[in-house]
Structure formats: structure tokens, C-alpha cells
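Take a look at the structure set out below.
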Amino acid sequence: ENVGSATAPVYTERTARLLQTYDAGRSTTIALSDLDGDGDLDAIAGVERAPEFEPIRSTLRLLENLGTNTAPRWRETASDYLSLDLGVSASSYAPALADLTGDGRADLVVGEFGRDLFFFRRTTAALASPDAFEEAASNPFADLALGQRPVPTLGDLDGDGDADLIVGEFTGRLRFFRNTGTPAAATFTLEADRFLDADVGTNSTPHLGDLDGDGDLDLIVGTADGPVRVFRNDGTPQAFAFVDAGTIPMPRSGTAPALGDLDGDGDPDLVSGTLGGGLLFLRNASTTDTEPLAPPLTLRFEAFPNPTQGAVQFRTSLPPAIGSATLTVYDVLGRTVFETVTTDGVVVWQGTQGPSLGGGLYVAVLRAEGERLATRRLTVLPR
């Protein structure tokens with residue numbers, strides 16, 4: 001719930017599950033749009049690991065809003081929406097919706113782990129039909145330089161009537177591509193491969209939306225640790241000027257936020273996918289009393305190199321209020337394989353040394369006074 005205002009939103013959790021008992025699978029991302037033209041917001045969720053398939057794989061899920069524009073009621077009507085097969089390396093599906101063909105309907109862009117964005121045009125078929133979207137003959141994203149696990153968001157940042165592109169990725173970097181084409185024929189040109197010089201940790205999941213109601217698009221970014229970073233647009237609809245406006249605290253890790261007015265009151269609510277696969281719903285209940293967003297937490301927790309075949313360096317920079325923290329590395333079975341107390345500086349973990357260690361996935365957790373501060377996933381490659 002927003003305990004701030006429309007111009008200075010401060011969100012707190014309203015419910016941990018927008019859909020009761022809904023668990024989409026590992027690492028859910030979400031895109032919102034009125035896909036069936038009935039005046040309320042539907043959703044497409046991307047899932048990295050859908051457990052009901054053998055072998056486990058990525059998928060899209062269609063969530064149709066069977067309620068109204070003031071009382072949403074989502075139901076999963078397709079667990080393998082469009083039956084996508086994007087190739088051997090395809091995983092971590094990340095959907096975005098925007099009109100890229102100039103027909104007034106939202107088209108579909110899907111990011112996947114292998115550094116690609118795929119483009120699907122909206123057809124006239126019914127929303128739940130497998131033919132609701134068709135892969136376009138020409139893909140304006142085909143030759144873009146993208147990082148691993150790209151997560152797209154689209155919106156008109158320069159007021160020329162077409163959708164520009166911001167892409168998050170596994171390293172946490174944001175890339176900005178300006179649309180130098182037209183509303184009906186997009187052409188994307190890289191303008192910044194380290195957009196805003198933003199350091200959001202790993203797995204950045206950006207989303208463009210007018211958060212403060214001033215008519216231009218703001219930027220929010222989900223993070224591996226959970227808090228959603230806010231970059232307020234203090235420019236104009238024709239010339240953006242993003243400033244760091246702090247964070248929205250979140251109760252889960254691996255957030256992937258999206259904005260949309262789900263209750264029909266004219267301001268944006270927030271829905272977020274999570275690492276665990278559930279959906280978070282934060283209703284915007286604006287008041288006239290304002291409180292500024294909290295300043296960004298001056299915490300840095302990096303692992304380098306990642307992936308690695310040798311030692312891993314953990315680089316930490318703690319907030320002034322935290323003198324020291326405990327760094328713990330777990331294997332996939334949850335066993336502790338390394339633990340130490342750290343302050344600002346560098347800690348080295350010899351990740352492939354020792355008789356019980358080897359190639360695989362590990363998780364590093366930084367804690368202080370029993371609270372988790374940050375999490376990093378590590379991939380140790382076999383020698």
C-alpha cells in the first residue's frame with residue numbers, strides 16, 4: 001500500500017500473493033496490459049523454471065482478468081501460453097508489452113537467457129488462442145548487443161510517438177536503446193550501455209511507468225536482493241532526466257516489478273514477480289501527506305568473477321550503521337560450505353578447493369544482526 005502520495009509514493013506490502021496459493025515457478029517476471037479490450041488489465045508472466053514440465057523449462061503464463069477495472073480477479077487460463085520454443089539456450093523468459101506496429105494493440109517482446117529478444121505481433125485472434133501473437137517476420141531486436149538474461153521494458157521517452165527500449169541483464173547493467181524508426185516500424189539504436197551508471201547488483205529488471213503522475217515516464221528496477229530502485233524522471237515527456245529517488249522495500253528477493261492501475265482510482269499500483277515464483281501486489285492508496293522515499297542504501301556486495309573456475313572475490317561496502325556482517329556460502333542442498341565475518345573490503349573464497357566442492361550453483365548471503373542484507377548466486381564451472 002502507498003502510505004505516501006501520488007507524487008511521492010511510498011509502498012508497503014498489501015499482500016504477498018496477488019493470486020491466492022499461486023506459484024508460477026522459479027523467477028517470475030510480469031507484464032501488464034488490457035490484452036482483450038475489456039477495460040481492465042490482464043497479465044503475461046514469464047517463468048524461468050516451470051515445475052510441471054518434464055524436463056523443467058521456461059514458459060509464459062496467461063493471467064486473464066475476469067474481474068473489473070476496479071476489482072481485479074486474475075485467473076491463469078494458459079500455463080504454457082503460445083507454446084514457445086525459443087531454442088536450446090532459451091530460459092528465463094521475460095515478457096514486455098508495447099505497441100510496436102502502430103495498430104493500437106500491445107505486441108509482445110520476450111527476453112531469454114541467451115542474450116536475445118524475440119518479437120511477436122498481436123493478431124486479431126482471441127487472447128487465449130495459441131494464435132493471439134505470431135512471431136514477426138522482421139525482428140527489430142535481432143542485432144542488438146545485449147547481455148545475458150535480458151529483461152526489456154518499452155516506453156516513449158522522447159515524445160516522438162514510438163517506444164524506446166531499456167534492457168536489464170544478469171550483471172545488473174541497464175542499456176538504453178532509442179527508437180529512431182517510426183511507431184509502425186521500430187529501429188533501435190544503442191545510446192548508453194551503462195545507462196544512468198546505475199549499480200543495482202545483479203539481475204536488473206527495469207520497468208517504465210508514470211509513478212508520480214506528472215505525465216512523463218519514471219523508471220523502477222527490480223533487484224536480486226529485493227528492494228525496487230526508483231529513478232524519478234524530473235525532465236519532460238520529450239527530454240528525460242532521471243534522478244535516484246531511493247527504494248521501495250520489498251519482502252521477497254528477485255523482484256521484477258510492473259506498474260498499472262488495477263483498482264481504477266487513477267494512480268499506478270505495483271505488481272512484482274519474485275525469485276520464488278509468487279506475485280506481490282502493492283496497492284497505491286495515496287494520501288495528501290507526503291514522505292520522501294528513503295535514500296538508497298549504501299550497500300555494495302559483489303562477486304567476481306562469476307561464473308568462475310577458481311577463487312571468487314566478494315567485495316563489500318557496508319552502510320555506516322553496520323560495522324560488520326557475516327558472509328555465508330551455501331551449496332544447492334543448503335549446506336554451509338564457507339562462512340566468515342567481513343567488514344568493508346575483499347573476502348576470497350577458494351570455491352573449487354576442498355574434497356567436497358566442485359562445479360555447480362552456490363548462493364552467497366550477507367547478513368547483519370540476523371537480517372539478510374544481500375544475496376548473490378554463483379556459478380562454479382568444472383575444471
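By order in the C-alpha cells, chains are A, B, ...; within a chain, residues start at 1; ligands start at 1, following the order shown.
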
Spatial neighbours of Gly273 in chain A, max dist 6 Å, only C-alpha atoms, sep filter under 6 positions, as a PyMOL selection string: chain A and resi 28-29+255-256+279

N, CA, C and O atoms of the current selection, written as an mmCIF file, in the first residue's frame:
data_model
loop_
_atom_site.group_PDB
_atom_site.id
_atom_site.type_symbol
_atom_site.label_atom_id
_atom_site.label_comp_id
_atom_site.auth_asym_id
_atom_site.auth_seq_id
_atom_site.Cartn_x
_atom_site.Cartn_y
_atom_site.Cartn_z
ATOM 1 N N THR A 28 9.840 -15.334 -11.534
ATOM 2 C CA THR A 28 8.714 -14.840 -12.316
ATOM 3 C C THR A 28 8.916 -13.374 -12.676
ATOM 4 O O THR A 28 9.298 -12.557 -11.833
ATOM 5 N N THR A 29 8.670 -13.026 -13.940
ATOM 6 C CA THR A 29 8.568 -11.635 -14.375
ATOM 7 C C THR A 29 7.159 -11.435 -14.909
ATOM 8 O O THR A 29 6.465 -12.402 -15.243
ATOM 9 N N THR A 255 13.032 -9.493 -7.323
ATOM 10 C CA THR A 255 11.826 -8.780 -7.740
ATOM 11 C C THR A 255 11.883 -8.389 -9.209
ATOM 12 O O THR A 255 12.942 -8.126 -9.776
ATOM 13 N N ALA A 256 10.704 -8.343 -9.825
ATOM 14 C CA ALA A 256 10.543 -7.926 -11.226
ATOM 15 C C ALA A 256 9.251 -7.132 -11.308
ATOM 16 O O ALA A 256 8.181 -7.689 -11.544
ATOM 17 N N LEU A 279 3.601 -13.788 -6.829
ATOM 18 C CA LEU A 279 3.378 -12.411 -7.236
ATOM 19 C C LEU A 279 3.070 -11.569 -6.005
ATOM 20 O O LEU A 279 2.285 -11.971 -5.140
#

I need the helix (DSSP H, G or I) residues of range 7-206 of chain A per DSSP on the backbone, written as a ChimeraX atom specification. /A:81-83,195-197

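Within the 10 Å cut-off around Thr68 in chain A, using only C-alpha atoms and omitting residues fewer than 2 positions from it on the same chain, the listed residues are A:Asp38, A:Gly39, A:Asp40, A:Leu41, A:Asn65, A:Leu66, A:Thr70, A:Ala71, A:Pro72, A:Arg73, A:Trp74, A:Leu262, A:Asp263, A:Gly264.
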
For Asp216 in chain A: contacts at 8 Å, only C-alpha atoms, fewer than 3 positions along chain excluded, given as a list in words: Leu157, Gly209, Asp210, Gly213, Asn233, Gly235, Thr236, Pro237 and Phe240 of chain A

Please, could you write that set of residues out with C-alpha atoms as an mmCIF file, in the first residue's frame?
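After the write, again37.cif holds the following:
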data_model
loop_
_atom_site.group_PDB
_atom_site.id
_atom_site.type_symbol
_atom_site.label_atom_id
_atom_site.label_comp_id
_atom_site.auth_asym_id
_atom_site.auth_seq_id
_atom_site.Cartn_x
_atom_site.Cartn_y
_atom_site.Cartn_z
ATOM 1 C CA LEU A 157 10.974 8.601 -23.556
ATOM 2 C CA GLY A 209 5.718 3.892 -15.932
ATOM 3 C CA ASP A 210 4.445 7.231 -14.664
ATOM 4 C CA GLY A 213 1.558 11.378 -12.097
ATOM 5 C CA ASN A 233 12.017 11.473 -14.227
ATOM 6 C CA GLY A 235 12.585 16.071 -17.077
ATOM 7 C CA THR A 236 9.707 16.265 -19.540
ATOM 8 C CA PRO A 237 7.902 13.800 -21.815
ATOM 9 C CA PHE A 240 14.023 12.646 -19.739
#

For range 327-336 of chain A, work out the shell of residues within 12 Å, counting only C-alpha atoms and skipping chain neighbours fewer than 6 positions away, then give it as a PyMOL selection string. chain A and resi 301-303+312-316+342-344+346-351+356-368+370-380

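For Ala224 in chain A, the set of protein, DNA and RNA residues having any atom at most 10 Å away, when counting only C-alpha atoms and skipping those fewer than 2 positions along the same chain, is Phe170, Gly172, Val200, Gly201, Thr202, Asn203, Ser204, Thr205, Gly222, Gly226, Pro227, Val228, Arg252, Ser253, Gly254, Thr255, Ala256, Thr274, Leu275, Ala374, Thr375, Arg376 and Arg377 of chain A.
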
For the selection just defined, write its residues with N, CA and C atoms to a file, as a short mmCIF file (atom, residue, chain, number, x, y, z; two decimals), in the first residue's frame.
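out.cif written:
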data_model
loop_
_atom_site.label_atom_id
_atom_site.label_comp_id
_atom_site.auth_asym_id
_atom_site.auth_seq_id
_atom_site.Cartn_x
_atom_site.Cartn_y
_atom_site.Cartn_z
N PHE A 170 21.71 -9.84 -16.47
CA PHE A 170 22.23 -10.63 -15.35
C PHE A 170 23.24 -9.85 -14.50
N GLY A 172 23.33 -6.77 -13.87
CA GLY A 172 22.75 -5.60 -13.24
C GLY A 172 22.80 -4.35 -14.09
N VAL A 200 22.74 -1.71 -9.43
CA VAL A 200 21.60 -2.31 -8.73
C VAL A 200 21.90 -3.75 -8.32
N GLY A 201 23.16 -4.14 -8.37
CA GLY A 201 23.50 -5.53 -8.06
C GLY A 201 23.36 -6.37 -9.30
N THR A 202 22.83 -7.58 -9.16
CA THR A 202 22.66 -8.46 -10.31
C THR A 202 21.18 -8.59 -10.66
N ASN A 203 20.93 -9.12 -11.87
CA ASN A 203 19.57 -9.39 -12.34
C ASN A 203 18.67 -8.16 -12.27
N SER A 204 19.05 -7.11 -12.98
CA SER A 204 18.23 -5.91 -13.04
C SER A 204 17.00 -6.15 -13.90
N THR A 205 15.83 -5.75 -13.40
CA THR A 205 14.56 -5.95 -14.10
C THR A 205 13.84 -4.60 -14.18
N GLY A 222 13.70 -3.73 -10.51
CA GLY A 222 13.79 -4.82 -9.54
C GLY A 222 15.22 -5.32 -9.41
N GLY A 226 15.96 -7.73 -3.77
CA GLY A 226 14.55 -7.50 -3.45
C GLY A 226 14.09 -6.07 -3.58
N PRO A 227 14.72 -5.09 -2.89
CA PRO A 227 14.23 -3.71 -2.98
C PRO A 227 14.17 -3.21 -4.42
N VAL A 228 13.10 -2.48 -4.73
CA VAL A 228 12.92 -1.92 -6.06
C VAL A 228 13.51 -0.52 -6.10
N ARG A 252 10.37 -9.86 -0.58
CA ARG A 252 10.90 -11.03 -1.27
C ARG A 252 12.12 -10.63 -2.09
N SER A 253 12.92 -11.61 -2.48
CA SER A 253 14.08 -11.36 -3.32
C SER A 253 13.74 -11.64 -4.78
N GLY A 254 14.64 -11.22 -5.67
CA GLY A 254 14.44 -11.47 -7.08
C GLY A 254 13.21 -10.78 -7.64
N THR A 255 13.03 -9.49 -7.32
CA THR A 255 11.83 -8.78 -7.74
C THR A 255 11.88 -8.39 -9.21
N ALA A 256 10.70 -8.34 -9.82
CA ALA A 256 10.54 -7.93 -11.23
C ALA A 256 9.25 -7.13 -11.31
N THR A 274 8.72 -12.59 -8.38
CA THR A 274 9.75 -12.84 -7.37
C THR A 274 10.58 -14.05 -7.77
N LEU A 275 11.71 -14.19 -7.08
CA LEU A 275 12.58 -15.35 -7.31
C LEU A 275 11.84 -16.65 -7.01
N ALA A 374 21.92 -8.95 1.56
CA ALA A 374 22.11 -9.13 0.12
C ALA A 374 22.37 -10.60 -0.18
N THR A 375 22.10 -10.98 -1.43
CA THR A 375 22.29 -12.35 -1.88
C THR A 375 22.91 -12.33 -3.27
N ARG A 376 23.83 -13.24 -3.52
CA ARG A 376 24.42 -13.39 -4.84
C ARG A 376 24.43 -14.87 -5.21
N ARG A 377 24.02 -15.17 -6.45
CA ARG A 377 24.13 -16.53 -6.98
C ARG A 377 25.47 -16.68 -7.69
#

Which is closer to Ala136 in chain A than all the others in A:Arg105, A:Arg149, A:Arg121, A:Arg115, using only C-alpha atoms? A:Arg121

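Distances here use only C-alpha atoms; by that measure, the residue among A:Val230, A:Val271, A:Ala145, A:Ala239 closest to Ala45 in chain A is A:Val271.
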
DSSP on the backbone, then: every residue of range 188-369 of chain A marked strand (DSSP E or B), written as a PyMOL selection string. chain A and resi 188-192+205-209+218-222+228-233+242-248+256-260+269-273+279-282+300-304+308+312-317+325-330+336-342+345-349+360-368

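The space between CA of Arg26 in chain A and CA of Val47 in chain A spans 6.1 Å.
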
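When the distance limit is 8 Å and only C-alpha atoms are what count, the residues near range 185-191 of chain A, minus those fewer than 6 positions from it on the same chain, are A:Leu100, A:Thr101, A:Gly102, A:Pro140, A:Phe141, A:Leu144, A:Asp162, A:Ala163, A:Asp164, A:Leu165, A:Arg175, A:Phe176, A:Phe177, A:Arg178, A:Asn179.
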